[in-house]
Amino acid sequence: MTDPRGLSTAEAAQRLAEWGANEPVPRRRQHAVIRLLLLFANPLILILLTAAIVSAFLRQPTNALIIIGIVILGTAIGFVQTQQSERAAARLRSMVAPTATVRRDGAWQEMAVRDLVPGDVVRLSAGDLVPADARLLAARDLYVQESLLTGEAMPVAKEAQLPGSARAGDRTGAVYLGTSVVSGMATVEVTATGPRTAFGAIAERLALHPPETEFERGVRRFSLLILRVVFFLVLFILLISLTLRHDPLESLLFAVALAVGLTPEFLPMIMSVTLAKGALRMAQKQVIVRHLPAIQNLGSIDVLCSDKTGTLTAGVMRFEGAVDPAGVPSRRPLVLAWINSRFETGIRSPLDTAILALEDVATEGCEKLDEIPFDFERRRLSVVVDRPSAGGRERLLITKGAPESIFTVATGGDRDGAVVPFDEAALERSRAVFRDLSAAGYRVLAVAHRRVDVQVAYGSADERDMVFDGFLAFADPVHVDAAHAVAALRRDGVAVKVVTGDNELVTRHVCAQVGLDASTIVLGEEIAGLTDGALGHVAEQASVFARVSPVQKDRIIRALRQRGHVVGFLGDGINDAPSLHAADVGISVAGAADVAREAAAIILVRQSLGVLHRGIIEGRRASGNMMKYLLMGTSSNFGNMLSMAAASVFLPFLPMLPTQILLNNFLYDLAQVTIPTDTVDRPYLQRPQRWDMRLVRDFMLFIGPISSLYDFLTFYVLLAVFHAGQGAFHTGWFVESLATQTLVLFVIRTMGVPWRSRPSRALTLTTIGVVGIALVLPASPLAGLLGFVPLPGHYYGFVGLATITYLGLVELAKRRLVSSRMGTV
């Protein structure tokens with residue numbers, strides 16, 4: 001037997017320990033040591049460690065120690081940075097964790113969904129996500145969307161059943177995790193949590209094969225491109241080295257070291273750190289990122305679809321007045337609306353909040369008898385009360401809702417306290433009052449009532465033959481920063497489109513105040529007659545859509561995506577979930593309905609276009625820094641590796657020792673670890689950014705060969721001018737290659753003029769520091785251990801001259817490449 005007071009805290013804690021957290025797919029939390037060890041399972045690292053062991057057996061302990069040291073240092077840096085990023089992401093997710101209304105210790109309280117246990121008593125209302133599998137204890141007009149479990153598109157009616165009375169396979173008396181409440185209310189008892197729910201098996205499969213995002217697809221394509229190049233280049237070098245009868249072990253180590261130099265082994269870490277830092281910066285600007293890859297998509301959007309309420313307007317309603325059906329000021333609609341709002345238990349809208357902010361005008365002696373919850377088909381809510389009247393007491397059904405909805409159930413109208421027929425003439429007069437209020441920018445609510453007989457329960461069928469009492473007018477002032485935010489978004493390449501269910505009169509008034517072109521408003525009835533192709537053309541041209549249904553919102557978003565736009569959708573309502581899924585970036589707010597918040601990838605702490613604009617800019621900043629790493633990995637680094645491949649063909653010795661290549665690569669990667677902290681040029685932030693793999697390819701084809709050209713020049717100078725032996729050649733090229741491929745970051749990090757774009761202090765220090773290490777290593781006590789020899793002083797003059805001219809040539813090539821794409825980075 002269920003205890004109506006719910007579980008006690010102690011009993012719930014015991015069950016939580018027994019059954020575990022309410023997570024469909026339990027989080028697999030690996031110990032930090034295990035995760036560190038797994039990093040060493042990388043094939044390239046395993047090959048390097050094997051090579052170190054072989055070197056030790058062949059009595060080359062120095063080589064073995066250097067290889068092991070570089071592997072440990074590189075892995076440690078990646079591990080620490082990734083751990084910090086994951087912790088930051090977890091903190092952000094916890095800020096928007098879903099909650100449920102649970103009865104514990106006899107009191108209703110909000111609790112994290114993951115803490116629910118079997119036996120908990122939970123209250124559900126429209127807009128809630130069902131937090132676990134549960135049995136209905138009580139329900140009123142409950143409809144649940146179960147499409148995720150059953151594939152059925154229409155909501156399913158639910159009702160409480162006596163224990164043991166349900167037939168096999170009958171789901172009427174139960175609700176399930178993963179579904180959502182469309183309308184009505186219920187009290188339920190949790191029967192299963194986590195992986196034991198009906199949704200658990202589905203969630204497990206989804207977790208095993210999550211859909212690939214555009215961001216992940218871009219990273220995968222880039223990695224495959226590099227790995228293909230690595231495979232064929234390394235195989236070529238190994239064959240050439242063995243053909244020329246170079247030392248087999250040295251040849252193998254050289255090939256493996258070259259593979260390490262070409263492989264973007266720091267790419268996952270750079271991506272993780274960049275996204276996490278971007279998410280933390282966005283959190284400081286009141287934008288919470290639930291899924292880190294969404295940052296890249298947020299920076300890419302060029303169309304933002306949004307309702308007007310809470311984005312263009314403040315979303316805080318203020319009561320302005322009440323009038324009767326003819327537009328004459330009257331107190332009666334306010335009195336009845338106050339009773340309705342006071343006793344309703346479903347979703348409390350901003351209009352209810354505004355009504356209840358007034359002093360208690362009517363509830364003395366009132367007793368609530370029943371409630372007919374709001375739903376999106378009726379668009380109204382009713383309560384049944386017993387209240388004092390002149391003749392004793394009366395039983396009233398009081399309804400408030402959208403005027404169009406109230407008009408359909410009214411047969412009479414109030415005039416100075418008397419009921420008069422609500423005929424066509426009266427209806428047209430009321431519609432004119434409604435239009436005038438809407439044109440003045442007011443949100444309008446209609447109120448009606450009827451006396452009802454005593455009966456056990458009441459339903460929507462009782463909403464008939466009602467007396468229309470009049471209208472309530474509310475002001476929703478425009479956000480102080482709305483006009484500025486709309487202009488800023490337009491300036492930065494994002495077109496704002498208002499997609500609202502409200503009428504066109506109110507919508508035109510609001511849009512005019514914030515600078516949106518509302519000369520052409522597309523109505524829902526017009527959208528219904530358009531094909532998807534025609535809708536795409538209309539959606540591109542128009543900025544305002546009014547009286548649209550949730551299905552039509554979804555169609556608008558999909559039509560824009562079909563036209564090649566990256567679409568963000570800002571929604572907070574129950575029926576916004578499909579549109580949030582359909583958009584490239586679903587955006588909601590902290591106070592949204594559960595089903596909307598869970599469908600979104602981005603959560604705004606404060607519902608404001610200004611906040612969202614700042615989030616978009618941060619998304620572009622994170623995208624820009626990731627692109628810098630990609631361009632670096634496919635330009636100078638690729639060129640140097642290509643030079644090594646070519647040099648191994650004509651030189652009688654390896655162009656650089658394997659340990660030197662590994663050290664070169666480690667120092668090069670070390671310089672780029674601070675890329676996530678770098679500044680991003682304003683031109684890049686002023687345009688939507690998408691992954692431009694063509695630019696990456698072009699950098700590889702044009703910038704890489706320039707790097708190789710300077711390497712060949714260095715080979716010639718070392719052999720023909722300085723008559724370098726093997727040791728001097730290794731040392732000279734190590735210094736030149738590290739200096740050029742590292743310092744070129746200052747050129748590649750901006751598509752503008754390098755000396756006008758200031759890098760971050762951290763990036764400057766690591767880059768200059770790495771070049772400084774390269775210059776002093778040949779004269780340091782470690783030189784002999786690493787196979788370096790002192791270089792002539794005037795060789796450093798050549799390195800300086802070569803580096804300056806190399807950077808200048810890369811700058812010219814870069815300008816030519818981006819002349820048609822200003823602001824790519």
# chains A, B, ... in the order shown; residues from 1 in each chain; ligands from 1
>>> residues_around(residues="Arg196 (chain A)", least_positions_apart="2", cutoff="10 Å", atoms="only C-alpha atoms", output="PDB file with C-alpha atoms, in the first residue's frame")
ATOM      1  CA  TRP A  19      18.814   0.276  -6.800  1.00  0.00           C
ATOM      2  CA  ASN A  22      17.862   6.870 -11.781  1.00  0.00           C
ATOM      3  CA  GLU A  23      19.878   7.005 -15.010  1.00  0.00           C
ATOM      4  CA  PRO A  24      18.748   4.944 -18.034  1.00  0.00           C
ATOM      5  CA  VAL A  25      22.403   4.445 -18.969  1.00  0.00           C
ATOM      6  CA  ALA A 132      10.650   7.128 -14.186  1.00  0.00           C
ATOM      7  CA  ASP A 133       8.273   4.258 -14.909  1.00  0.00           C
ATOM      8  CA  THR A 191       7.751   1.432  -9.984  1.00  0.00           C
ATOM      9  CA  ALA A 192      11.096   1.264 -11.855  1.00  0.00           C
ATOM     10  CA  THR A 193      14.117   3.514 -12.290  1.00  0.00           C
ATOM     11  CA  GLY A 194      17.256   3.665 -14.414  1.00  0.00           C
ATOM     12  CA  ALA A 198      11.074   0.398 -20.454  1.00  0.00           C
ATOM     13  CA  PHE A 199      13.227   3.209 -21.819  1.00  0.00           C
ATOM     14  CA  GLY A 200      16.416   1.715 -20.356  1.00  0.00           C
ATOM     15  CA  ALA A 201      17.065  -0.721 -23.224  1.00  0.00           C
TER      16      ALA A 201
END
>>> residues_around(residues="Gly624 (chain A)", least_positions_apart="2", cutoff="9 Å", atoms="only C-alpha atoms", output="compact mmCIF listing (two decimals) with N, CA, C and O atoms, in the first residue's frame")
# COMPACT_ATOMS: atom_id res chain seq x y z
N GLY A 619 30.79 31.04 -29.14
CA GLY A 619 30.85 29.85 -29.98
C GLY A 619 31.78 30.05 -31.17
O GLY A 619 32.55 29.15 -31.52
N ARG A 620 31.72 31.23 -31.76
CA ARG A 620 32.61 31.52 -32.89
C ARG A 620 34.06 31.62 -32.43
O ARG A 620 34.98 31.22 -33.16
N ARG A 621 34.27 32.15 -31.22
CA ARG A 621 35.64 32.26 -30.70
C ARG A 621 36.24 30.87 -30.51
O ARG A 621 37.39 30.63 -30.89
N ALA A 622 35.47 29.95 -29.94
CA ALA A 622 35.96 28.58 -29.76
C ALA A 622 36.22 27.91 -31.10
O ALA A 622 37.23 27.23 -31.29
N MET A 626 39.90 26.41 -32.66
CA MET A 626 40.06 25.03 -33.15
C MET A 626 40.56 25.01 -34.60
O MET A 626 41.40 24.19 -34.96
N MET A 627 40.06 25.94 -35.40
CA MET A 627 40.49 25.98 -36.79
C MET A 627 41.98 26.32 -36.90
O MET A 627 42.68 25.83 -37.79
N LYS A 628 42.50 27.13 -35.97
CA LYS A 628 43.93 27.44 -35.98
C LYS A 628 44.76 26.18 -35.84
O LYS A 628 45.77 26.01 -36.52
N VAL A 680 40.63 36.02 -30.79
CA VAL A 680 40.14 35.79 -32.15
C VAL A 680 39.77 37.13 -32.76
O VAL A 680 39.15 37.98 -32.10
N ASP A 681 40.15 37.34 -34.01
CA ASP A 681 39.93 38.62 -34.67
C ASP A 681 38.45 38.95 -34.79
O ASP A 681 37.61 38.07 -34.99
N TYR A 684 36.33 37.65 -37.80
CA TYR A 684 35.89 36.25 -37.70
C TYR A 684 34.62 36.15 -36.87
O TYR A 684 33.72 35.35 -37.18
N LEU A 685 34.53 36.96 -35.83
CA LEU A 685 33.37 36.89 -34.93
C LEU A 685 32.13 37.52 -35.55
O LEU A 685 31.02 37.34 -35.04
N GLN A 689 30.25 30.88 -38.74
CA GLN A 689 31.42 30.09 -39.11
C GLN A 689 31.05 28.61 -39.22
O GLN A 689 30.43 28.05 -38.33
N ARG A 749 47.51 32.21 -37.27
CA ARG A 749 46.44 32.40 -36.27
C ARG A 749 45.48 33.53 -36.63
O ARG A 749 44.42 33.67 -36.01
N THR A 824 37.95 34.23 -42.27
CA THR A 824 37.80 32.80 -41.98
C THR A 824 38.40 32.45 -40.64
O THR A 824 37.90 31.57 -39.94
N VAL A 825 39.47 33.09 -40.21
CA VAL A 825 40.00 32.85 -38.85
C VAL A 825 40.42 34.17 -38.26
O VAL A 825 41.02 34.96 -38.96
>>> atom_distance(atom1="CA of Phe474 (chain A)", atom2="CA of Arg443 (chain A)")
5.0 Å
>>> residues_around(residues="Leu713 (chain A)", least_positions_apart="4", cutoff="12 Å", atoms="only C-alpha atoms", output="list in words")
Ser643, Ala647, Ile706, Ser707, Ser708, Leu709, Val717, Leu718, Leu719, Ala720, Val721, Gly732, Trp733, Glu736, Ser737, Phe798, Val799, Leu801, Ala802, Thr803 and Tyr806 of chain A
>>> write_last_selection(atoms="all heavy atoms", output="short mmCIF file (atom, residue, chain, number, x, y, z; two decimals), in the first residue's frame")
data_model
loop_
_atom_site.label_atom_id
_atom_site.label_comp_id
_atom_site.auth_asym_id
_atom_site.auth_seq_id
_atom_site.Cartn_x
_atom_site.Cartn_y
_atom_site.Cartn_z
N SER A 643 59.42 17.04 -46.03
CA SER A 643 60.84 17.26 -46.26
C SER A 643 61.66 16.08 -45.74
O SER A 643 62.64 15.66 -46.37
CB SER A 643 61.29 18.55 -45.55
OG SER A 643 60.55 19.64 -46.00
N ALA A 647 64.19 13.93 -47.91
CA ALA A 647 65.61 13.90 -47.53
C ALA A 647 66.10 12.48 -47.31
O ALA A 647 67.27 12.17 -47.58
CB ALA A 647 65.81 14.72 -46.26
N ILE A 706 55.67 25.36 -49.15
CA ILE A 706 56.56 26.49 -48.83
C ILE A 706 57.49 26.10 -47.69
O ILE A 706 58.70 26.41 -47.70
CB ILE A 706 55.74 27.74 -48.45
CG1 ILE A 706 54.93 28.23 -49.66
CG2 ILE A 706 56.65 28.86 -47.94
CD1 ILE A 706 53.99 29.38 -49.33
N SER A 707 56.94 25.42 -46.68
CA SER A 707 57.77 24.93 -45.58
C SER A 707 58.84 23.97 -46.10
O SER A 707 60.02 24.05 -45.72
CB SER A 707 56.89 24.24 -44.54
OG SER A 707 57.66 23.68 -43.51
N SER A 708 58.44 23.07 -46.99
CA SER A 708 59.41 22.13 -47.57
C SER A 708 60.49 22.85 -48.37
O SER A 708 61.67 22.47 -48.34
CB SER A 708 58.69 21.11 -48.47
OG SER A 708 57.82 20.31 -47.71
N LEU A 709 60.10 23.89 -49.09
CA LEU A 709 61.06 24.67 -49.88
C LEU A 709 62.17 25.23 -48.99
O LEU A 709 63.36 25.17 -49.33
CB LEU A 709 60.32 25.80 -50.61
CG LEU A 709 61.18 26.72 -51.47
CD1 LEU A 709 61.77 25.96 -52.65
CD2 LEU A 709 60.34 27.90 -51.97
N VAL A 717 72.24 24.78 -47.62
CA VAL A 717 73.16 25.64 -46.84
C VAL A 717 74.01 24.79 -45.90
O VAL A 717 75.23 25.00 -45.79
CB VAL A 717 72.37 26.71 -46.07
CG1 VAL A 717 73.27 27.44 -45.07
CG2 VAL A 717 71.73 27.71 -47.04
N LEU A 718 73.39 23.82 -45.23
CA LEU A 718 74.14 22.99 -44.29
C LEU A 718 75.21 22.17 -45.00
O LEU A 718 76.35 22.04 -44.53
CB LEU A 718 73.18 22.06 -43.54
CG LEU A 718 72.34 22.69 -42.42
CD1 LEU A 718 71.26 21.73 -41.95
CD2 LEU A 718 73.23 23.09 -41.24
N LEU A 719 74.87 21.60 -46.17
CA LEU A 719 75.81 20.72 -46.87
C LEU A 719 76.82 21.49 -47.71
O LEU A 719 78.01 21.16 -47.74
CB LEU A 719 75.03 19.73 -47.75
CG LEU A 719 74.14 18.75 -47.01
CD1 LEU A 719 73.31 17.93 -47.99
CD2 LEU A 719 74.98 17.80 -46.14
N ALA A 720 76.35 22.54 -48.42
CA ALA A 720 77.22 23.24 -49.37
C ALA A 720 77.99 24.40 -48.75
O ALA A 720 79.12 24.69 -49.15
CB ALA A 720 76.39 23.75 -50.55
N VAL A 721 77.39 25.08 -47.78
CA VAL A 721 78.03 26.26 -47.20
C VAL A 721 78.79 25.89 -45.92
O VAL A 721 79.95 26.26 -45.75
CB VAL A 721 76.99 27.36 -46.92
CG1 VAL A 721 77.67 28.57 -46.24
CG2 VAL A 721 76.28 27.78 -48.20
N GLY A 732 71.34 21.40 -37.07
CA GLY A 732 70.96 22.59 -37.82
C GLY A 732 69.53 22.52 -38.31
O GLY A 732 68.77 23.51 -38.22
N TRP A 733 69.14 21.34 -38.81
CA TRP A 733 67.77 21.26 -39.31
C TRP A 733 66.76 21.26 -38.16
O TRP A 733 65.66 21.82 -38.27
CB TRP A 733 67.60 20.02 -40.19
CG TRP A 733 66.27 20.03 -40.90
CD1 TRP A 733 65.60 21.12 -41.35
CD2 TRP A 733 65.48 18.90 -41.23
NE1 TRP A 733 64.43 20.76 -41.94
CE2 TRP A 733 64.32 19.39 -41.89
CE3 TRP A 733 65.64 17.53 -41.06
CZ2 TRP A 733 63.31 18.55 -42.36
CZ3 TRP A 733 64.64 16.69 -41.54
CH2 TRP A 733 63.48 17.19 -42.17
N GLU A 736 66.23 24.93 -37.30
CA GLU A 736 65.52 25.67 -38.34
C GLU A 736 64.06 25.21 -38.46
O GLU A 736 63.13 26.04 -38.54
CB GLU A 736 66.23 25.49 -39.68
CG GLU A 736 65.61 26.25 -40.85
CD GLU A 736 64.50 25.46 -41.56
OE1 GLU A 736 64.44 24.22 -41.40
OE2 GLU A 736 63.68 26.09 -42.26
N SER A 737 63.83 23.90 -38.44
CA SER A 737 62.46 23.41 -38.62
C SER A 737 61.57 23.80 -37.45
O SER A 737 60.42 24.21 -37.64
CB SER A 737 62.46 21.88 -38.79
OG SER A 737 62.88 21.24 -37.60
N PHE A 798 71.64 32.82 -40.44
CA PHE A 798 70.87 32.24 -41.56
C PHE A 798 69.47 31.83 -41.09
O PHE A 798 68.48 32.08 -41.79
CB PHE A 798 71.61 31.02 -42.12
CG PHE A 798 70.71 30.12 -42.95
CD1 PHE A 798 70.33 30.49 -44.22
CD2 PHE A 798 70.22 28.92 -42.42
CE1 PHE A 798 69.49 29.68 -44.98
CE2 PHE A 798 69.38 28.11 -43.17
CZ PHE A 798 69.02 28.49 -44.45
N VAL A 799 69.38 31.20 -39.91
CA VAL A 799 68.07 30.76 -39.39
C VAL A 799 67.14 31.97 -39.22
O VAL A 799 65.95 31.93 -39.57
CB VAL A 799 68.22 30.00 -38.06
CG1 VAL A 799 66.87 29.75 -37.41
CG2 VAL A 799 68.94 28.69 -38.30
N LEU A 801 67.30 34.90 -40.80
CA LEU A 801 66.91 35.42 -42.12
C LEU A 801 65.91 34.49 -42.79
O LEU A 801 64.90 34.95 -43.37
CB LEU A 801 68.15 35.59 -42.99
CG LEU A 801 67.91 36.15 -44.40
CD1 LEU A 801 67.32 37.55 -44.33
CD2 LEU A 801 69.21 36.15 -45.20
N ALA A 802 66.15 33.18 -42.71
CA ALA A 802 65.24 32.21 -43.33
C ALA A 802 63.86 32.27 -42.68
O ALA A 802 62.82 32.22 -43.36
CB ALA A 802 65.81 30.80 -43.20
N THR A 803 63.82 32.41 -41.35
CA THR A 803 62.54 32.45 -40.65
C THR A 803 61.73 33.68 -41.05
O THR A 803 60.52 33.59 -41.33
CB THR A 803 62.76 32.44 -39.12
OG1 THR A 803 63.47 31.25 -38.75
CG2 THR A 803 61.43 32.49 -38.38
N TYR A 806 60.53 33.31 -44.61
CA TYR A 806 59.52 32.25 -44.65
C TYR A 806 58.17 32.77 -44.16
O TYR A 806 57.13 32.56 -44.79
CB TYR A 806 59.98 31.06 -43.80
CG TYR A 806 58.90 30.02 -43.54
CD1 TYR A 806 58.39 29.25 -44.56
CD2 TYR A 806 58.40 29.84 -42.25
CE1 TYR A 806 57.40 28.30 -44.32
CE2 TYR A 806 57.43 28.89 -41.99
CZ TYR A 806 56.92 28.13 -43.03
OH TYR A 806 55.96 27.20 -42.78
#
>>> atom_distance(atom1="CA of His565 (chain A)", atom2="CA of Gly299 (chain A)")
12.7 Å
>>> select_by_dssp(residues="region 570-664 of chain A", states="helix (DSSP H, G or I)", output="VMD selection string")
chain A and resid 574 to 582 594 to 599 609 to 633 636 to 650 658 to 664
>>> residues_around(residues="His723 (chain A)", least_positions_apart="5", cutoff="12 Å", atoms="only C-alpha atoms", output="list of chain:residue names")
A:Thr714, A:Phe715, A:Tyr716, A:Val717, A:Leu718, A:Ala728, A:Phe729, A:Gly732, A:Leu791, A:Pro792, A:Tyr795
>>> write_last_selection(atoms="N, CA and C atoms", output="compact mmCIF listing (two decimals), in the first residue's frame")
# COMPACT_ATOMS: atom_id res chain seq x y z
N THR A 714 67.60 24.89 -46.41
CA THR A 714 68.43 24.62 -45.23
C THR A 714 69.37 23.45 -45.49
N PHE A 715 68.87 22.41 -46.15
CA PHE A 715 69.72 21.26 -46.49
C PHE A 715 70.92 21.73 -47.33
N TYR A 716 70.62 22.57 -48.33
CA TYR A 716 71.69 23.04 -49.22
C TYR A 716 72.72 23.86 -48.45
N VAL A 717 72.24 24.78 -47.62
CA VAL A 717 73.16 25.64 -46.84
C VAL A 717 74.01 24.79 -45.90
N LEU A 718 73.39 23.82 -45.23
CA LEU A 718 74.14 22.99 -44.29
C LEU A 718 75.21 22.17 -45.00
N ALA A 728 76.00 17.76 -37.21
CA ALA A 728 75.68 19.17 -37.44
C ALA A 728 74.42 19.31 -38.30
N PHE A 729 74.26 18.39 -39.27
CA PHE A 729 73.07 18.43 -40.12
C PHE A 729 71.81 18.23 -39.27
N GLY A 732 71.34 21.40 -37.07
CA GLY A 732 70.96 22.59 -37.82
C GLY A 732 69.53 22.52 -38.31
N LEU A 791 76.62 24.67 -33.00
CA LEU A 791 76.52 25.20 -34.36
C LEU A 791 77.30 26.50 -34.47
N PRO A 792 77.83 26.81 -35.68
CA PRO A 792 78.54 28.09 -35.86
C PRO A 792 77.60 29.26 -35.59
N TYR A 795 75.45 30.57 -38.40
CA TYR A 795 74.32 29.75 -38.86
C TYR A 795 73.01 30.30 -38.27
>>> closest_atom_pairs(of="region 638-710 of chain A", to="region 763-774 of chain A", cutoff="12 Å", atoms="only C-alpha atoms", output="CSV")
residue,atom,partner,partner_atom,distance
A:Gln660,CA,A:Ala774,CA,11.0
A:Leu663,CA,A:Ala774,CA,9.9
A:Asn664,CA,A:Ala774,CA,8.5
A:Asn665,CA,A:Val770,CA,11.0
A:Phe666,CA,A:Val770,CA,9.9
A:Leu667,CA,A:Val770,CA,6.1
A:Tyr668,CA,A:Val770,CA,7.3
A:Asp669,CA,A:Val770,CA,9.7
A:Leu670,CA,A:Thr766,CA,7.2
A:Ala671,CA,A:Thr767,CA,4.8
A:Gln672,CA,A:Leu763,CA,7.3
A:Val673,CA,A:Leu763,CA,8.1
A:Thr674,CA,A:Leu763,CA,5.1
A:Ile675,CA,A:Leu763,CA,6.1
A:Pro676,CA,A:Leu763,CA,8.8
A:Thr677,CA,A:Leu763,CA,7.1
A:Asp678,CA,A:Leu763,CA,6.4
A:Thr679,CA,A:Leu763,CA,9.5
>>> residues_around(residues="Val144 (chain A)", least_positions_apart="4", cutoff="6 Å", atoms="only C-alpha atoms", output="CSV table (one decimal) with all heavy atoms, in the first residue's frame")
chain,number,residue,atom,x,y,z
A,155,PRO,N,-0.9,12.0,-28.7
A,155,PRO,CA,-0.9,11.8,-27.3
A,155,PRO,C,-1.8,10.7,-26.9
A,155,PRO,O,-2.9,10.5,-27.5
A,155,PRO,CB,-1.2,13.1,-26.7
A,155,PRO,CG,-1.0,14.1,-27.8
A,155,PRO,CD,-1.2,13.4,-29.1
A,156,VAL,N,-1.5,10.0,-25.8
A,156,VAL,CA,-2.3,8.9,-25.3
A,156,VAL,C,-3.0,9.2,-24.0
A,156,VAL,O,-2.3,9.8,-23.1
A,156,VAL,CB,-1.4,7.6,-25.1
A,156,VAL,CG1,-2.2,6.4,-24.6
A,156,VAL,CG2,-0.7,7.2,-26.4
A,180,SER,N,6.4,12.4,-22.1
A,180,SER,CA,6.2,13.7,-21.6
A,180,SER,C,4.7,14.0,-21.5
A,180,SER,O,3.9,13.4,-22.2
A,180,SER,CB,6.8,14.8,-22.4
A,180,SER,OG,6.3,14.7,-23.8
A,181,VAL,N,4.3,14.8,-20.5
A,181,VAL,CA,2.9,15.1,-20.2
A,181,VAL,C,2.5,16.3,-21.1
A,181,VAL,O,3.1,17.3,-21.1
A,181,VAL,CB,2.7,15.5,-18.8
A,181,VAL,CG1,1.2,15.8,-18.5
A,181,VAL,CG2,3.1,14.3,-17.8
A,182,VAL,N,1.5,16.0,-22.0
A,182,VAL,CA,1.0,17.0,-22.9
A,182,VAL,C,0.0,17.9,-22.2
A,182,VAL,O,0.0,19.1,-22.4
A,182,VAL,CB,0.4,16.4,-24.2
A,182,VAL,CG1,-0.2,17.4,-25.1
A,182,VAL,CG2,1.5,15.6,-24.9
>>> closest_residue(among="A:Ala432, A:Leu397, A:Val506, A:Ala577", to="Val454 (chain A)", atoms="only C-alpha atoms")
A:Leu397
>>> residues_around(residues="Arg104 (chain A)", least_positions_apart="3", cutoff="7 Å", atoms="only C-alpha atoms", output="PDB file with N, CA, C and O atoms, in the first residue's frame")
ATOM      1  N   ARG A   5       2.080   9.967   2.269  1.00  0.00           N
ATOM      2  CA  ARG A   5       3.110  10.929   2.660  1.00  0.00           C
ATOM      3  C   ARG A   5       4.410  10.719   1.905  1.00  0.00           C
ATOM      4  O   ARG A   5       5.361  11.483   2.061  1.00  0.00           O
ATOM      5  N   GLY A   6       4.468   9.651   1.069  1.00  0.00           N
ATOM      6  CA  GLY A   6       5.693   9.352   0.350  1.00  0.00           C
ATOM      7  C   GLY A   6       6.705   8.651   1.229  1.00  0.00           C
ATOM      8  O   GLY A   6       6.420   8.256   2.361  1.00  0.00           O
ATOM      9  N   LEU A   7       7.899   8.499   0.708  1.00  0.00           N
ATOM     10  CA  LEU A   7       8.964   7.839   1.457  1.00  0.00           C
ATOM     11  C   LEU A   7       9.607   8.801   2.445  1.00  0.00           C
ATOM     12  O   LEU A   7       9.550  10.018   2.268  1.00  0.00           O
ATOM     13  N   SER A   8      10.244   8.238   3.436  1.00  0.00           N
ATOM     14  CA  SER A   8      11.062   9.053   4.321  1.00  0.00           C
ATOM     15  C   SER A   8      12.439   9.214   3.697  1.00  0.00           C
ATOM     16  O   SER A   8      12.838   8.441   2.819  1.00  0.00           O
ATOM     17  N   THR A   9      13.183  10.199   4.156  1.00  0.00           N
ATOM     18  CA  THR A   9      14.524  10.426   3.634  1.00  0.00           C
ATOM     19  C   THR A   9      15.424   9.225   3.863  1.00  0.00           C
ATOM     20  O   THR A   9      16.179   8.814   2.967  1.00  0.00           O
ATOM     21  N   ALA A 107       6.139  16.026   2.659  1.00  0.00           N
ATOM     22  CA  ALA A 107       6.124  17.362   2.045  1.00  0.00           C
ATOM     23  C   ALA A 107       6.566  17.277   0.587  1.00  0.00           C
ATOM     24  O   ALA A 107       7.458  16.489   0.238  1.00  0.00           O
ATOM     25  N   TRP A 108       5.919  18.095  -0.253  1.00  0.00           N
ATOM     26  CA  TRP A 108       6.319  18.151  -1.658  1.00  0.00           C
ATOM     27  C   TRP A 108       7.593  18.978  -1.792  1.00  0.00           C
ATOM     28  O   TRP A 108       7.715  20.040  -1.181  1.00  0.00           O
TER      29      TRP A 108
END
>>> atom_distance(atom1="CA of Thr399 (chain A)", atom2="CA of Ala475 (chain A)")
21.2 Å
